[in-house]
file structure07.cif (mmCIF, C-alpha atoms)
data_input
#
loop_
_atom_site.label_atom_id
_atom_site.label_comp_id
_atom_site.auth_asym_id
_atom_site.auth_seq_id
_atom_site.Cartn_x
_atom_site.Cartn_y
_atom_site.Cartn_z
CA ILE A 13 61.21 21.03 -107.52
CA THR A 14 63.40 19.10 -105.06
CA PHE A 15 62.98 21.89 -102.48
CA THR A 16 59.19 21.78 -102.75
CA SER A 17 59.01 18.05 -102.34
CA HIS A 18 61.39 18.20 -99.34
CA SER A 19 59.32 20.91 -97.66
CA HIS A 20 56.17 18.87 -98.29
CA HIS A 21 57.85 15.94 -96.49
CA ASP A 22 58.76 18.21 -93.54
CA MET A 23 55.17 19.48 -93.32
CA SER A 24 53.73 15.94 -93.30
CA ALA A 25 56.24 14.85 -90.60
CA ALA A 26 55.34 17.91 -88.50
CA ALA A 27 51.64 17.13 -88.97
CA ALA A 28 52.24 13.55 -87.82
CA ARG A 29 54.04 14.84 -84.70
CA ARG A 30 51.16 17.23 -83.96
CA ARG A 31 48.64 14.40 -84.37
CA LYS A 32 50.60 12.23 -81.91
CA GLN A 33 50.83 15.08 -79.36
CA LYS A 34 47.12 15.73 -79.75
CA ALA A 35 46.38 12.03 -79.25
CA LYS A 36 48.41 12.03 -76.02
CA GLN A 37 46.61 15.14 -74.76
CA SER A 38 43.19 13.74 -75.61
CA ALA A 39 44.20 10.49 -73.85
CA THR A 40 44.40 12.40 -70.56
CA THR A 41 41.07 14.16 -70.97
CA SER A 42 39.28 11.03 -72.21
CA THR A 43 40.65 9.03 -69.24
CA ASP A 44 39.05 11.55 -66.88
CA ASN A 45 35.71 11.12 -68.68
CA LEU A 46 36.26 7.35 -68.66
CA ASP A 47 36.06 7.12 -64.84
CA ASP A 48 32.62 8.77 -64.82
CA LYS A 49 31.30 6.56 -67.66
CA VAL A 50 32.61 3.36 -66.03
CA SER A 51 31.14 4.28 -62.61
CA SER A 52 27.80 5.05 -64.21
CA LEU A 53 27.71 1.71 -66.09
CA LEU A 54 28.76 -0.30 -63.02
CA SER A 55 26.08 1.27 -60.82
CA SER A 56 23.46 -0.31 -63.11
CA PRO A 57 22.06 -3.73 -62.16
CA ASP A 58 22.22 -4.80 -65.82
CA THR A 59 25.12 -7.22 -66.56
CA ALA A 60 25.29 -5.96 -70.15
CA ASN A 61 26.31 -2.55 -68.78
CA HIS A 62 29.07 -4.14 -66.72
CA TYR A 63 30.51 -5.73 -69.88
CA GLU A 64 30.19 -2.38 -71.65
CA ALA A 65 32.32 -0.85 -68.86
CA LEU A 66 34.93 -3.55 -69.48
CA GLN A 67 34.81 -2.85 -73.23
CA LEU A 68 35.37 0.86 -72.59
CA LEU A 69 38.36 0.16 -70.34
CA THR A 70 40.02 -2.39 -72.65
CA SER A 71 39.62 -0.21 -75.77
CA ASN A 72 41.20 2.71 -73.85
CA VAL A 73 44.13 0.55 -72.75
CA HIS A 74 44.63 -0.63 -76.37
CA ARG A 75 44.52 2.95 -77.64
CA LEU A 76 47.01 4.21 -75.05
CA LEU A 77 49.42 1.36 -75.84
CA LYS A 78 49.11 2.08 -79.56
CA ILE A 79 50.18 5.73 -79.13
CA GLY A 80 53.06 4.69 -76.84
CA SER A 81 51.54 6.04 -73.64
CA VAL A 82 52.62 2.96 -71.63
CA PRO A 83 52.47 4.37 -68.03
CA LYS A 84 48.96 5.74 -68.70
CA ALA A 85 47.85 2.42 -70.25
CA LEU A 86 49.11 0.46 -67.22
CA GLN A 87 47.50 2.94 -64.83
CA THR A 88 44.14 2.67 -66.67
CA ALA A 89 44.22 -1.16 -66.60
CA HIS A 90 45.27 -1.20 -62.93
CA LYS A 91 42.72 1.37 -61.76
CA GLY A 92 39.96 -0.18 -63.91
CA THR A 93 40.59 -3.64 -62.41
CA LEU A 94 40.37 -2.22 -58.87
CA THR A 95 37.08 -0.48 -59.77
CA LEU A 96 35.56 -3.69 -61.21
CA LEU A 97 36.65 -5.68 -58.15
CA SER A 98 35.26 -3.05 -55.77
CA HIS A 99 31.86 -3.80 -57.41
CA GLN A 100 32.50 -7.58 -56.89
CA HIS A 101 32.62 -8.24 -60.67
CA VAL A 102 35.37 -10.87 -60.36
CA GLU A 103 34.89 -12.64 -63.71
CA ILE A 104 34.84 -9.35 -65.67
CA ALA A 105 37.78 -7.98 -63.67
CA SER A 106 39.81 -11.12 -64.46
CA GLN A 107 39.81 -10.13 -68.15
CA LEU A 108 41.19 -6.67 -67.42
CA SER A 109 43.73 -7.89 -64.83
CA GLY A 110 44.94 -10.38 -67.47
CA MET A 111 45.32 -7.51 -69.93
CA TYR A 112 47.26 -5.54 -67.29
CA VAL A 113 49.79 -8.37 -66.85
CA ASP A 114 50.05 -8.86 -70.64
CA ALA A 115 50.80 -5.15 -71.00
CA LEU A 116 53.52 -5.35 -68.32
CA ARG A 117 55.13 -8.26 -70.14
CA ASP A 118 54.64 -7.03 -73.75
CA THR A 119 56.03 -3.56 -72.99
CA ARG A 120 58.90 -5.23 -71.10
CA THR A 121 58.21 -3.07 -68.05
CA ALA A 122 60.95 -3.87 -65.50
CA GLU A 123 59.79 -5.24 -62.16
CA ASP A 124 60.38 -2.79 -59.32
CA GLU A 125 58.81 -2.03 -55.94
CA SER A 126 56.06 0.16 -57.39
CA VAL A 127 55.05 -2.52 -59.93
CA ILE A 128 54.88 -5.17 -57.17
CA ARG A 129 52.86 -2.75 -55.04
CA ASP A 130 50.34 -2.31 -57.89
CA ILE A 131 50.23 -6.08 -58.55
CA MET A 132 49.58 -6.73 -54.86
CA SER A 133 46.87 -4.05 -54.59
CA ILE A 134 44.91 -5.95 -57.27
CA SER A 135 45.54 -9.21 -55.38
CA GLN A 136 44.20 -7.66 -52.16
CA ALA A 137 41.11 -6.42 -54.03
CA TYR A 138 40.50 -10.00 -55.29
CA SER A 139 40.85 -11.29 -51.69
CA LYS A 140 37.98 -9.06 -50.55
CA CYS A 141 35.61 -10.75 -53.03
CA TYR A 142 35.66 -14.31 -51.63
CA VAL A 143 36.64 -16.67 -48.80
CA PRO A 144 39.18 -19.39 -49.78
CA GLY A 145 37.74 -22.87 -49.42
CA LYS A 146 34.17 -21.57 -49.00
CA GLU A 147 31.55 -23.41 -51.03
CA GLY A 148 30.61 -21.45 -54.14
CA ASP A 149 33.77 -19.33 -54.06
CA ASP A 150 35.96 -21.83 -55.97
CA LYS A 151 35.68 -19.98 -59.29
CA LYS A 152 36.64 -16.65 -57.69
CA THR A 153 39.66 -18.32 -56.06
CA GLU A 154 40.65 -19.69 -59.48
CA TYR A 155 40.48 -16.22 -61.08
CA HIS A 156 42.65 -14.81 -58.28
CA LEU A 157 45.23 -17.61 -58.52
CA SER A 158 45.30 -17.38 -62.32
CA TYR A 159 46.06 -13.66 -62.04
CA LEU A 160 48.84 -14.24 -59.48
CA LYS A 161 50.42 -17.07 -61.48
CA SER A 162 50.54 -14.85 -64.57
CA THR A 163 52.23 -12.09 -62.52
CA LEU A 164 54.73 -14.70 -61.30
CA LYS A 165 55.60 -15.59 -64.92
CA TYR A 166 56.06 -11.89 -65.68
CA SER A 167 58.24 -11.50 -62.55
CA SER A 168 60.44 -14.49 -63.35
CA SER A 169 61.10 -13.21 -66.89
CA LEU A 170 61.52 -9.47 -66.14
CA GLY A 171 62.35 -9.35 -62.43
CA PRO A 172 65.64 -9.93 -60.59
CA LEU A 173 64.81 -13.46 -59.32
CA THR A 174 64.74 -16.51 -61.63
CA LEU A 175 61.84 -18.10 -59.74
CA GLY A 176 59.92 -14.82 -59.43
CA ASN A 177 59.09 -12.39 -56.65
CA LEU A 178 58.98 -13.89 -53.12
CA THR A 179 55.90 -11.90 -52.03
CA LEU A 180 53.97 -13.38 -54.98
CA HIS A 181 55.07 -16.91 -54.02
CA LYS A 182 54.02 -16.37 -50.40
CA THR A 183 50.61 -15.01 -51.45
CA ILE A 184 49.99 -17.93 -53.85
CA GLY A 185 51.17 -20.41 -51.20
CA THR A 186 48.82 -18.98 -48.55
CA ILE A 187 45.79 -19.04 -50.89
CA LEU A 188 46.51 -22.62 -52.01
CA PHE A 189 46.98 -23.74 -48.42
CA ASN A 190 43.72 -22.09 -47.31
CA SER A 191 41.91 -23.64 -50.27
CA GLY A 192 42.88 -27.15 -49.16
CA LEU A 193 45.79 -27.54 -51.63
CA GLN A 194 48.42 -27.78 -48.91
CA LEU A 195 51.19 -29.59 -50.81
CA PRO A 196 51.55 -27.11 -53.71
CA GLY A 197 50.91 -24.32 -51.20
CA SER A 198 53.82 -25.46 -49.03
CA ALA A 199 56.13 -25.54 -52.09
CA HIS A 200 55.37 -21.87 -52.84
CA LEU A 201 55.87 -20.99 -49.14
CA ALA A 202 59.24 -22.76 -49.26
CA ILE A 203 60.31 -20.82 -52.37
CA SER A 204 59.22 -17.60 -50.60
CA GLU A 205 61.69 -18.37 -47.76
CA SER A 206 58.92 -18.64 -45.15
CA PRO A 207 59.74 -21.50 -42.74
CA GLY A 208 57.71 -19.86 -39.94
CA ALA A 209 54.61 -19.58 -42.15
CA ILE A 210 54.84 -23.31 -42.98
CA ILE A 211 55.10 -24.34 -39.31
CA SER A 212 52.21 -22.10 -38.23
CA SER A 213 50.10 -23.33 -41.20
CA ILE A 214 50.56 -27.03 -40.41
CA PHE A 215 50.23 -26.74 -36.63
CA GLN A 216 48.03 -23.74 -35.77
CA GLY A 217 46.35 -22.47 -38.95
CA ASP A 218 42.59 -22.61 -39.52
CA ASN A 219 43.26 -25.08 -42.35
CA ALA A 220 45.90 -27.11 -40.51
CA PRO A 221 45.74 -30.81 -41.49
CA GLU A 222 43.90 -33.03 -39.01
CA GLY A 223 46.05 -36.18 -39.23
CA CYS A 224 49.74 -36.54 -38.28
CA ARG A 225 50.49 -38.33 -41.55
CA GLU A 226 49.05 -35.54 -43.69
CA ARG A 227 50.79 -32.85 -41.58
CA ASP A 228 54.18 -34.57 -41.85
CA ASP A 229 53.76 -35.16 -45.61
CA ILE A 230 53.38 -31.38 -46.04
CA PHE A 231 56.38 -30.79 -43.75
CA MET A 232 58.48 -33.26 -45.77
CA TYR A 233 57.40 -31.81 -49.16
CA ALA A 234 58.17 -28.25 -48.04
CA GLY A 235 61.61 -29.34 -46.81
CA VAL A 236 62.40 -31.11 -50.10
CA ASN A 237 61.45 -27.92 -51.97
CA PHE A 238 63.71 -25.85 -49.69
CA ALA A 239 66.57 -28.21 -50.62
CA VAL A 240 65.78 -28.09 -54.35
CA VAL A 241 66.11 -24.27 -54.40
CA GLY A 242 69.33 -24.48 -52.35
CA ASN A 243 67.94 -22.95 -49.17
CA LEU A 244 69.16 -25.32 -46.43
CA ARG A 245 69.28 -22.48 -43.87
CA ASP A 246 65.48 -22.05 -43.89
CA ALA A 247 64.95 -25.83 -44.18
CA HIS A 248 66.79 -26.23 -40.86
CA LYS A 249 64.83 -23.34 -39.31
CA MET A 250 61.64 -25.18 -40.27
CA VAL A 251 62.95 -28.43 -38.73
CA ILE A 252 63.71 -26.60 -35.45
CA GLY A 253 60.18 -25.13 -35.44
CA TYR A 254 58.75 -28.60 -36.11
CA LYS A 255 60.69 -30.18 -33.23
CA VAL A 256 59.56 -27.42 -30.82
CA GLU A 257 55.89 -27.97 -31.76
CA MET A 258 56.20 -31.77 -31.48
CA GLU A 259 57.81 -31.47 -28.05
CA LYS A 260 54.91 -29.25 -26.86
CA ARG A 261 52.46 -31.93 -27.99
CA GLY A 262 54.49 -34.90 -26.75
CA GLU A 263 54.17 -36.55 -30.18
CA GLU A 264 56.55 -38.71 -32.20
CA PRO A 265 57.36 -37.81 -35.82
CA THR A 266 56.00 -40.04 -38.59
CA ARG A 267 58.29 -41.71 -41.15
CA ALA A 268 57.83 -38.78 -43.59
CA ALA A 269 59.26 -36.34 -41.02
CA VAL A 270 62.11 -38.73 -40.09
CA PHE A 271 62.95 -39.09 -43.80
CA LEU A 272 63.21 -35.31 -44.27
CA ILE A 273 65.30 -34.74 -41.12
CA TRP A 274 67.79 -37.45 -42.17
CA LEU A 275 67.81 -36.25 -45.77
CA LEU A 276 68.80 -32.72 -44.71
CA GLU A 277 71.62 -34.09 -42.55
CA ILE A 278 72.94 -36.38 -45.30
CA ILE A 279 73.10 -33.77 -48.07
CA ARG A 280 75.28 -31.52 -45.91
CA ARG A 281 78.06 -34.10 -46.28
CA LYS A 282 80.08 -34.20 -49.48
CA ASP A 283 80.72 -37.98 -49.58
CA ALA A 284 77.29 -39.31 -48.61
CA GLY A 285 76.06 -40.48 -52.03
CA ARG A 286 75.59 -44.14 -50.99
CA LEU A 287 73.88 -43.10 -47.73
CA PHE A 288 71.50 -40.86 -49.72
CA GLN A 289 70.60 -43.72 -52.08
CA TRP A 290 70.07 -46.08 -49.11
CA LEU A 291 67.75 -43.54 -47.45
CA VAL A 292 65.69 -43.02 -50.62
CA GLY A 293 65.40 -46.81 -51.00
CA GLN A 294 64.38 -47.37 -47.35
CA PHE A 295 61.64 -44.69 -47.38
CA LYS A 296 59.96 -45.42 -50.71
CA GLU A 297 56.43 -45.32 -49.26
CA VAL A 298 56.65 -41.68 -48.05
CA GLN A 299 57.63 -40.55 -51.56
CA THR A 300 54.10 -41.24 -52.83
CA ALA A 301 52.95 -37.99 -51.11
CA SER A 302 53.39 -36.16 -54.43
CA LYS A 303 53.96 -37.31 -58.02
CA ASP A 304 57.02 -35.09 -58.44
CA MET A 305 58.86 -36.40 -55.34
CA PRO A 306 61.10 -38.85 -57.30
CA SER A 307 62.22 -36.11 -59.73
CA LEU A 308 62.79 -33.62 -56.87
CA LEU A 309 64.94 -36.19 -55.02
CA GLN A 310 66.91 -36.89 -58.21
CA ARG A 311 67.67 -33.17 -58.47
CA ILE A 312 68.80 -33.07 -54.82
CA GLY A 313 71.06 -36.12 -55.36
CA ARG A 314 72.57 -34.52 -58.48
CA ASP A 315 73.03 -30.99 -57.09
CA TYR A 316 74.38 -31.85 -53.62
CA LEU A 317 76.11 -35.20 -54.09
CA GLY A 318 76.85 -35.42 -57.83
CA ILE A 319 74.64 -38.51 -58.30
CA LYS A 320 73.65 -38.95 -61.94
CA PRO A 321 69.94 -39.69 -62.39
CA PRO A 322 69.13 -43.19 -63.75
CA PRO A 323 68.93 -43.28 -67.55
CA ASN A 324 65.48 -42.86 -69.04
CA MET A 325 64.67 -46.17 -70.79
CA MET A 326 62.65 -44.53 -73.56
CA ASN A 327 65.54 -42.16 -74.33
CA MET A 328 67.94 -45.10 -74.43
CA LEU A 329 65.70 -47.04 -76.83
CA GLU A 330 65.29 -43.99 -79.07
CA ALA A 331 69.07 -43.50 -79.11
CA MET A 332 69.61 -47.16 -80.01
CA MET A 333 66.95 -47.08 -82.75
CA GLY A 334 68.39 -43.82 -84.07
CA GLY A 335 71.88 -45.31 -84.09
CA GLY A 336 70.73 -48.41 -85.96
CA MET A 337 69.00 -46.52 -88.74
#

call {"tool": "encode", "arguments": {"input": "structure07.cif", "output": "structure tokens"}}
result
Amino acid sequence: ITFTSHSHHDMSAAAARRRKQKAKQSATTSTDNLDDKVSSLLSSPDTANHYEALQLLTSNVHRLLKIGSVPKALQTAHKGTLTLLSHQHVEIASQLSGMYVDALRDTRTAEDESVIRDIMSISQAYSKCYVPGKEGDDKKTEYHLSYLKSTLKYSSSLGPLTLGNLTLHKTIGTILFNSGLQLPGSAHLAISESPGAIISSIFQGDNAPEGCRERDDIFMYAGVNFAVVGNLRDAHKMVIGYKVEMEKRGEEPTRAAVFLIWLLEIIRRKDAGRLFQWLVGQFKEVQTASKDMPSLLQRIGRDYLGIKPPPNMMNMLEAMMGGGM
């Protein structure tokens, strides 16, 4: 009796294995049919058909993930997103590109060159669907940036760099800059180790700021971000590029630029804590360029000169109240 029951268990396990193999085989054949069905639905002018194409693609990705066919699932999501974008269906494609990034993260797929290549091919396909800063293209820009920011989160958690892949930062920075969001754009360009791109963007780019004050605010903010991530080498390269451009134009730097140049000199010295605090106090008005400037400067003071940030009054009150109870 024991023998029979054991053999029955073996047969059911073998049947389960066969079912799984069959599912994997049918996944390949159904993916081939999928391309034809999706192309047919997307060639229709009816929006309902476009959503049906998306439904087909997402259900296939789900199915492939369920049977453990991760590379095939990622390939289907990647290829499907490119197909949707090639038909200019940006909103629909954003749902599948989001699913692609979720799958990368959920399956804990390690970031390597081929993954970044695939991520960037989707980004390039998005770029072909709109012009940054053009009226009416704002929503498409948002979908593109949302996709890239989600890939950056994936990269920072599963890639080799804590802040995420540098190519992704540079791409995000360029899009933000070209969309008129120069300050956050310059921060991403700084993280991507691109001093030359910052100088060309603020002096020669199509979206270069018109006023000296605005230009130097961006220059200052980028330099502060270079310092925060510990990259003084590229901060100084950017300063050299700035001085060359200013000399060509015969212009004088504004207070924001002077503040940054002095700041970078001061933090190279070990014993310049009081000088740093004097500088920050003397140039209060330039620090209004961005809300996070005070916290960025506190980090610089702490990391380079060992200056403790001022105590947070709310935290102190809470501690006192907690102690009294």

call {"tool": "residues_near_point", "arguments": {"input": "structure07.cif", "point": "(50.2, -23.9, -49.6)", "cutoff": "8 Å", "atoms": "all atoms listed in the file", "output": "MDAnalysis selection string"}}
result
chainID A and resid 184:190 193:201

call {"tool": "residues_around", "arguments": {"input": "structure07.cif", "residues": "region 222-239 of chain A", "least_positions_apart": "2", "cutoff": "9 Å", "atoms": "all atoms listed in the file", "output": "PyMOL selection string"}}
result
chain A and resi 194-203+205+207+210-211+214-215+219-220+241-248+250-251+254+265-273+275-276+279+298-299+301-302+305+308-309+312

call {"tool": "atom_distance", "arguments": {"input": "structure07.cif", "atom1": "CA of Ser162 (chain A)", "atom2": "CA of Gly176 (chain A)"}}
result
10.7 Å

call {"tool": "residues_near_point", "arguments": {"input": "structure07.cif", "point": "(71.8, -39.7, -45.9)", "cutoff": "7 Å", "atoms": "all atoms listed in the file", "output": "list of chain:residue names"}}
result
A:Trp274, A:Leu275, A:Glu277, A:Ile278, A:Ile279, A:Ala284, A:Leu287, A:Phe288, A:Leu291

call {"tool": "atom_distance", "arguments": {"input": "structure07.cif", "atom1": "CA of Gly208 (chain A)", "atom2": "CA of Thr183 (chain A)"}}
result
14.4 Å

call {"tool": "atom_distance", "arguments": {"input": "structure07.cif", "atom1": "CA of Lys161 (chain A)", "atom2": "CA of Gly217 (chain A)"}}
result
23.5 Å

call {"tool": "closest_residue", "arguments": {"input": "structure07.cif", "among": "A:Thr95, A:Ser204, A:Gln294, A:Gln107", "to": "Ser55 (chain A)", "atoms": "only C-alpha atoms"}}
result
A:Thr95

call {"tool": "resolve_selection", "arguments": {"input": "structure07.cif", "expression": "the PyMOL selection byres ((chain A and resi 104) around 12)", "output": "number ranges by chain"}}
result
A: 54, 59-67, 69-70, 92-103, 105-111, 138, 152, 155
